[in-house]
Each structure stands twice: as structure tokens, then as C-alpha cells.
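Here's the structure we're looking at; comments come further down.
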Amino acid sequence: CPTGRLVVLKFFDPSLRNAQNKYRIDCFAREAALLYDLRGQRDIIECIAPLSEFIYELKTAEGVVFPLTFAYYGLELAEHDVLSAIENEQWNTAAALEVFRAMCRSVRRLHGSRIAHSDLKPSNYLVMSDGSVKLADLGSASKTGAGAQHILPDYSSFPGDLNYSAPEILASLHDEEDTIALRSDHY
């Protein structure tokens, strides 16, 4: 990074770039765009570099060329996630409450921008080197409100993690009324 900061590059697996994975490709691009738009928001992981692509040509011994498209974007580097911190009993009660406060603040910031995360869980909150906690993984997130596009026209499954999803998300009701997606983040 030109600023001297350590960053992490998040890549989309080029072997998954096909028509069957259009949803996953769209999620990756939407996440990059949302994070880039949210730059500078305290408590949300910062996108350092917008979505970019490059093509790498893989050549076989026989001379056959396979072009692989790598899509990626840059994020600020985290130390670990909140789930790891919980499992390692990293915080005392007072510190855990401060972390929870930052987690709630990040959701409030998203909702203030009319964005539903739809995959809130401890592993999607990252602990930074200074001890602060930031929300990440907006792959299932979507904008709500007038003119917002649905993630998919029809769902065969729901966005997010089964272990943390609200009942209305499990029933795929989040596109029926935009406020359902926002409220389900509080589940």
C-alpha cells in the first residue's frame, strides 16, 4: 500500500467464475462496492482499494493457454475475529461490553445507510491491531428502500448463516418488505 499500511487482498476464486456461480460473483462485487462506499465509517472494515481484476494466463506443457480472471479488492488488515476472542476468553466483562457496544454501533451505521447486513455473527466482526472491533463480510448485505434491487429474484436458500439467521430470513421474507431485512439484523 502506498501509505505503508499492511492490507489484505480478498480474492474471488477464479475457478468459481461461471454461470452457475453468478450469485456468488454478484455478492463479491456488491460487497466490494458497499465497503468502498462506506470508507471512513468507524466500526466498519475499511476498503483500501476498490474492486479490480487481472488476467493470468496459465500455460500447460503442451502450450494450451487457460486465462484465469482474478477479481480482488484491498481491506485493512485485522488480527483475528470476535469468535476467536470469545473462544480464547480475551476480554473481561467490561471489555466485552465495550466490544458489544462497537458491534451495535456498526449495525446502526449500516442501517443508517439503509443497508441490511443479513449475516451478523461473531466471526464477521474483526479485531484490529489496536483492539477495536469492526464489522466485515458484507457479501450477503443489500441496500433497502426505494429503488433497491433484490439479491436474487427467487431464493432456493436464504442469505447468511443458518445458526444465526432470524426466522423471517429463514422463510425468505426479507425481500417482501425491506424493513424485514433491517429488523432481522437485530435477531
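The way I read the labels, and the way they are meant: chains A, B, ... in the order of the C-alpha cells, residue 1 as the first residue of every chain, and ligand 1 as the first ligand shown, with later ones counted on from there.
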Quiz item: Using the chain letters and numbers from this document, which residues of region 40-108 of chain A does DSSP assign to strand (DSSP E or B), as a PyMOL selection string?
Solution: chain A and resi 44+47-59+65-76+80-81
Only N, CA, C and O atoms, please: the residues just picked out, written as a CSV table (one decimal), in the first residue's frame.
```
chain,number,residue,atom,x,y,z
A,44,ILE,N,-16.6,-0.2,10.9
A,44,ILE,CA,-16.8,-1.0,9.7
A,44,ILE,C,-15.5,-1.1,9.0
A,44,ILE,O,-14.7,-0.2,8.8
A,47,CYS,N,-12.4,-0.5,3.2
A,47,CYS,CA,-11.9,-0.9,1.9
A,47,CYS,C,-10.8,0.0,1.4
A,47,CYS,O,-11.1,1.2,1.2
A,48,ILE,N,-9.6,-0.5,1.3
A,48,ILE,CA,-8.5,0.4,0.9
A,48,ILE,C,-8.4,0.6,-0.6
A,48,ILE,O,-8.0,1.6,-1.1
A,49,ALA,N,-8.7,-0.5,-1.3
A,49,ALA,CA,-8.6,-0.4,-2.8
A,49,ALA,C,-9.9,-1.0,-3.4
A,49,ALA,O,-10.3,-2.1,-2.9
A,50,PRO,N,-10.5,-0.4,-4.4
A,50,PRO,CA,-11.8,-0.9,-4.9
A,50,PRO,C,-11.5,-2.2,-5.7
A,50,PRO,O,-10.4,-2.6,-6.0
A,51,LEU,N,-12.6,-2.7,-6.1
A,51,LEU,CA,-12.6,-4.0,-6.9
A,51,LEU,C,-11.8,-3.8,-8.2
A,51,LEU,O,-12.0,-2.8,-8.9
A,52,SER,N,-10.9,-4.7,-8.4
A,52,SER,CA,-10.1,-4.7,-9.6
A,52,SER,C,-10.0,-6.1,-10.1
A,52,SER,O,-10.3,-7.1,-9.4
A,53,GLU,N,-9.5,-6.3,-11.3
A,53,GLU,CA,-9.3,-7.6,-11.9
A,53,GLU,C,-8.0,-7.6,-12.7
A,53,GLU,O,-7.5,-6.6,-13.2
A,54,PHE,N,-7.4,-8.8,-12.8
A,54,PHE,CA,-6.3,-9.1,-13.7
A,54,PHE,C,-6.5,-10.5,-14.3
A,54,PHE,O,-7.1,-11.3,-13.7
A,55,ILE,N,-5.9,-10.7,-15.4
A,55,ILE,CA,-6.0,-12.0,-16.1
A,55,ILE,C,-4.6,-12.6,-16.0
A,55,ILE,O,-3.6,-12.0,-16.4
A,56,TYR,N,-4.5,-13.8,-15.5
A,56,TYR,CA,-3.3,-14.6,-15.5
A,56,TYR,C,-3.5,-15.7,-16.5
A,56,TYR,O,-4.5,-16.5,-16.5
A,57,GLU,N,-2.5,-15.9,-17.4
A,57,GLU,CA,-2.6,-17.0,-18.4
A,57,GLU,C,-1.8,-18.2,-17.9
A,57,GLU,O,-0.6,-18.1,-17.8
A,58,LEU,N,-2.5,-19.2,-17.7
A,58,LEU,CA,-1.9,-20.5,-17.2
A,58,LEU,C,-1.6,-21.3,-18.5
A,58,LEU,O,-2.5,-21.6,-19.2
A,59,LYS,N,-0.3,-21.7,-18.7
A,59,LYS,CA,0.0,-22.4,-19.8
A,59,LYS,C,0.4,-23.9,-19.4
A,59,LYS,O,1.2,-24.1,-18.5
A,65,VAL,N,-3.3,-22.5,-23.4
A,65,VAL,CA,-3.4,-21.4,-22.5
A,65,VAL,C,-4.8,-21.3,-21.9
A,65,VAL,O,-5.8,-21.4,-22.6
A,66,PHE,N,-4.9,-21.2,-20.6
A,66,PHE,CA,-6.1,-21.0,-19.9
A,66,PHE,C,-6.1,-19.7,-19.2
A,66,PHE,O,-5.3,-19.5,-18.2
A,67,PRO,N,-6.8,-18.7,-19.7
A,67,PRO,CA,-6.9,-17.4,-19.0
A,67,PRO,C,-7.7,-17.5,-17.7
A,67,PRO,O,-8.9,-18.0,-17.7
A,68,LEU,N,-7.2,-17.1,-16.6
A,68,LEU,CA,-7.9,-17.0,-15.3
A,68,LEU,C,-8.0,-15.6,-14.9
A,68,LEU,O,-7.1,-14.8,-14.8
A,69,THR,N,-9.3,-15.2,-14.7
A,69,THR,CA,-9.6,-13.8,-14.2
A,69,THR,C,-9.6,-13.8,-12.7
A,69,THR,O,-10.4,-14.5,-12.1
A,70,PHE,N,-8.8,-13.0,-12.1
A,70,PHE,CA,-8.7,-12.8,-10.7
A,70,PHE,C,-9.4,-11.5,-10.3
A,70,PHE,O,-8.9,-10.4,-10.7
A,71,ALA,N,-10.5,-11.5,-9.6
A,71,ALA,CA,-11.1,-10.3,-9.0
A,71,ALA,C,-10.7,-10.2,-7.6
A,71,ALA,O,-10.6,-11.1,-6.9
A,72,TYR,N,-10.4,-8.9,-7.2
A,72,TYR,CA,-9.9,-8.7,-5.8
A,72,TYR,C,-10.1,-7.3,-5.4
A,72,TYR,O,-10.4,-6.4,-6.2
A,73,TYR,N,-10.1,-7.0,-4.1
A,73,TYR,CA,-10.1,-5.7,-3.5
A,73,TYR,C,-9.3,-5.7,-2.2
A,73,TYR,O,-9.0,-6.8,-1.7
A,74,GLY,N,-8.8,-4.5,-1.8
A,74,GLY,CA,-8.0,-4.5,-0.6
A,74,GLY,C,-8.7,-4.0,0.6
A,74,GLY,O,-9.5,-3.1,0.5
A,75,LEU,N,-8.4,-4.6,1.7
A,75,LEU,CA,-9.1,-4.3,3.0
A,75,LEU,C,-8.0,-4.0,4.1
A,75,LEU,O,-6.9,-4.6,4.0
A,76,GLU,N,-8.3,-3.3,5.1
A,76,GLU,CA,-7.4,-3.1,6.2
A,76,GLU,C,-7.2,-4.4,6.9
A,76,GLU,O,-8.1,-5.3,6.9
A,80,HIS,N,-7.6,-10.8,14.2
A,80,HIS,CA,-8.4,-12.1,14.3
A,80,HIS,C,-9.9,-11.6,14.4
A,80,HIS,O,-10.2,-10.4,14.2
A,81,ASP,N,-10.8,-12.6,14.6
A,81,ASP,CA,-12.2,-12.2,14.7
A,81,ASP,C,-12.7,-12.3,16.1
A,81,ASP,O,-12.1,-12.8,17.0
```
Exercise. Tell me, as a PyMOL selection string, which residues lie within 10 Å of Gly131 (chain A), counting only C-alpha atoms; anything in the same chain fewer than 2 positions away does not count.
Key: chain A and resi 78-79+99+126-129+133-134
Self-check item: Pairwise distance for CA of Arg30 (chain A) and CA of Leu138 (chain A), rounded to one decimal in Å
Solution: 8.0 Å
Practice problem: Considering only C-alpha atoms, state which residue in the set A:Ala141, A:Ala116, A:Ile25, A:Ile45 is at the smallest distance from Val7 (chain A). | Solution: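 The closest residue to Val7 (chain A) is A:Ile45.
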Quiz item: What does the distance from CA of Asp137 (chain A) to CA of Val107 (chain A) come to in Å, to one decimal?
Solution: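 Separation of CA of Asp137 (chain A) and CA of Val107 (chain A): 12.6 Å.
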Exercise. Would you mind writing down, as a PyMOL selection string, each residue of region 17-85 of chain A that DSSP on the backbone assigns to alpha helix (DSSP H)?
Key: chain A and resi 22-37+82-85
Self-check item: Straight-line distance linking CA of Lys143 (chain A) with CA of Tyr23 (chain A), stated in Å to one decimal
Solution: 15.9 Å
Quiz prompt | Best match for closeness to Tyr125 (chain A) among A:Lys22, A:Arg17, A:Arg105, A:Arg5, counting only C-alpha atoms | solution =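 Between A:Lys22, A:Arg17, A:Arg105, A:Arg5, the residue approaching Tyr125 (chain A) most closely is A:Arg105.
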